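To start, the structure itself, in structure tokens.
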Amino acid sequence: MRSRAVYRVALLGAMLFWLGGLVAQAQTLPPPVALSTLVNAQGQTIPGTSIVIPEAGGVSKIFDEFTTTTNVSTLPGGVTVTPLLVANADGPGLRFTGAFINATTTPVDFHITYRVRSVGASIVDAGLNTNPAPLGAGAQAFITENALPTFGAPLSLTLLNGVITQTPVGGILTLPAPVTQLVLEKDLILTNAFVSSIEQSFSQTGGGVVPEPSSMLTCSMALTLLGAGYGVRRLRRRPPVV
């Protein structure tokens, strides 16, 4: 009975270690960064900067070539870019947090553009969620996502087109064909309104969770223990030969 309990505990521990390794591998995310470390004071990309998010099975997302523009003097300060895993999305994305705000009746236009490259999988759509809120009378928000590569026709997603009737708002920009890289532009035109969070997600095809060699070895050892324990029990239960 003791040997049976030992091999069962060994098997359970090995399997939990293997599964825990897969979860950790799939959810490893880099820390948040300030948008000011990706673009300079003129809104131009800082050469050599990027955000790399590794995924399971050798898949990864690379975000780079960030640019920003606005029709006012500067973009809001203190904008943070956070890598994240989004529920109901296959691949990781980004969240922009900061005070995109215009407390006047003159529209202010904010643009954020960047490139996303997918290694080991193809992108099939881009999801966008944000939280516009009015600051007073006459509040309006025009929020659009544009895909800049040539798909034969302009490709865009409009989340809000005028009066803010609900928050948050979200939608999915479905691509005509899977791609391994995509340039996306977020366009926010705010009048007496503000946005504090912009969340980008992606669905993809290909790739998948592939265990690392060490994890596969651990699982193989566990299965070997199971087989050995089963063989010992069979020998013990075999009746003696007369």
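Residue names in the structure tokens use chain letters A, B, ... in the order shown, residue numbers from 1 in each chain, and ligand numbers from 1 in the order shown.
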Q | Test item: residues at most 12 Å from A:Ala137, only C-alpha atoms, excluding those fewer than 6 positions along its chain, as a list in words | A |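 After dropping sequence-adjacent residues, the list is Ala103, Thr104, Thr105, Val163, Ile164, Thr191, Asn192 and Ala193 of chain A.
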Kindly save the residues from that selection, with C-alpha atoms included, as a short mmCIF file (atom, residue, chain, number, x, y, z; two decimals), in the first residue's frame.
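Result file follows (selection17.cif):
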```cif
data_model
loop_
_atom_site.label_atom_id
_atom_site.label_comp_id
_atom_site.auth_asym_id
_atom_site.auth_seq_id
_atom_site.Cartn_x
_atom_site.Cartn_y
_atom_site.Cartn_z
CA ALA A 103 -12.32 70.04 -21.37
CA THR A 104 -13.13 72.59 -24.10
CA THR A 105 -15.73 72.82 -26.85
CA VAL A 163 -22.62 61.75 -28.53
CA ILE A 164 -21.39 59.45 -25.76
CA THR A 191 -14.92 67.43 -27.26
CA ASN A 192 -15.56 68.14 -23.57
CA ALA A 193 -14.79 64.47 -22.89
#
```
Name all residues at most 6 Å from A:Ser122 (count only C-alpha atoms; drop same-chain ones fewer than 2 positions away) and give them as a tab-separated table (two decimals) with N, CA and C atoms, in the first residue's frame.
```tsv
chain	number	residue	atom	x	y	z
A	178	PRO	N	-5.47	36.46	-42.99
A	178	PRO	CA	-4.48	36.46	-41.90
A	178	PRO	C	-3.19	37.14	-42.34
A	179	VAL	N	-2.56	37.88	-41.42
A	179	VAL	CA	-1.31	38.57	-41.69
A	179	VAL	C	-0.35	38.33	-40.53
A	180	THR	N	0.93	38.48	-40.80
A	180	THR	CA	1.94	38.35	-39.74
A	180	THR	C	2.40	39.70	-39.23
A	204	GLN	N	-5.61	35.11	-33.32
A	204	GLN	CA	-4.59	34.60	-34.22
A	204	GLN	C	-4.88	33.15	-34.58
A	205	THR	N	-4.19	32.70	-35.61
A	205	THR	CA	-4.29	31.32	-36.05
A	205	THR	C	-2.89	30.76	-36.17
```
Q: Find the residues around A:Ile198 up to 10 Å (only C-alpha atoms counted), leave out those fewer than 2 positions away in its own chain, and share them as a PyMOL selection string.
A: chain A and resi 81+94-98+100+128-132+170+186+195-196+200
Q: Identify all residues of stretch 91-216 of chain A in strand (DSSP E or B) (DSSP on the backbone) and supply them as a PyMOL selection string.
A: chain A and resi 91-102+108-119+122-130+133-134+140-147+155-163+169-179+181-191+193-205
Q) Which is closer to A:Ala133 than all the others in A:Gly57, A:Gly93, A:Pro31, A:Pro168, using only C-alpha atoms? A) A:Pro168
Q. If we count only C-alpha atoms, what is near stretch 32-39 of chain A at a cut-off of 8 Å, once residues fewer than 2 positions away on the same chain are taken out, given as a ChimeraX atom specification?
A. /A:30,41-46,49-50,66-68,78-83
Residues as selected, C-alpha atoms, written as a PDB file, in the first residue's frame, can you do that?
```
ATOM      1  CA  PRO A  30       7.013  42.207 -19.626  1.00  0.00           C
ATOM      2  CA  ALA A  41       8.805  64.833 -27.753  1.00  0.00           C
ATOM      3  CA  GLN A  42       7.832  65.284 -31.411  1.00  0.00           C
ATOM      4  CA  GLY A  43       5.796  62.068 -31.415  1.00  0.00           C
ATOM      5  CA  GLN A  44       8.309  60.203 -33.583  1.00  0.00           C
ATOM      6  CA  THR A  45       9.399  56.653 -32.859  1.00  0.00           C
ATOM      7  CA  ILE A  46      12.608  56.226 -30.864  1.00  0.00           C
ATOM      8  CA  THR A  49      12.513  50.556 -29.044  1.00  0.00           C
ATOM      9  CA  SER A  50       9.909  47.803 -28.922  1.00  0.00           C
ATOM     10  CA  PHE A  66       5.187  53.825 -32.158  1.00  0.00           C
ATOM     11  CA  THR A  67       4.198  57.353 -33.241  1.00  0.00           C
ATOM     12  CA  THR A  68       1.791  59.938 -31.834  1.00  0.00           C
ATOM     13  CA  GLY A  78       2.067  60.076 -18.065  1.00  0.00           C
ATOM     14  CA  VAL A  79       0.613  57.647 -20.625  1.00  0.00           C
ATOM     15  CA  THR A  80       1.586  54.063 -19.760  1.00  0.00           C
ATOM     16  CA  VAL A  81       1.696  51.083 -22.121  1.00  0.00           C
ATOM     17  CA  THR A  82       0.955  47.776 -20.385  1.00  0.00           C
ATOM     18  CA  PRO A  83       1.239  44.335 -22.035  1.00  0.00           C
TER      19      PRO A  83
END
```
Q: Tell me which protein, DNA and RNA residues are within 6 Å of A:Asp109, counting only C-alpha atoms, leaving out same-chain ones fewer than 5 positions away, and put them as a ChimeraX atom specification.
A: /A:70-71,188-189
Q. Could you pull the residues within 7 Å of A:Leu159, counting only C-alpha atoms, minus those fewer than 4 positions along the same chain, as a VMD selection string?
A. chain A and resid 143 to 144 169 to 171
Take the selection from the previous step and output its residues with C-alpha atoms, as a tab-separated table (two decimals), in the first residue's frame.
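Here's the written file again37.tsv:
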```tsv
chain	number	residue	atom	x	y	z
A	143	ILE	CA	-13.17	56.84	-31.84
A	144	THR	CA	-11.85	54.93	-34.85
A	169	VAL	CA	-17.37	50.71	-25.97
A	170	GLY	CA	-15.64	48.02	-27.99
A	171	GLY	CA	-15.50	46.20	-31.28
```
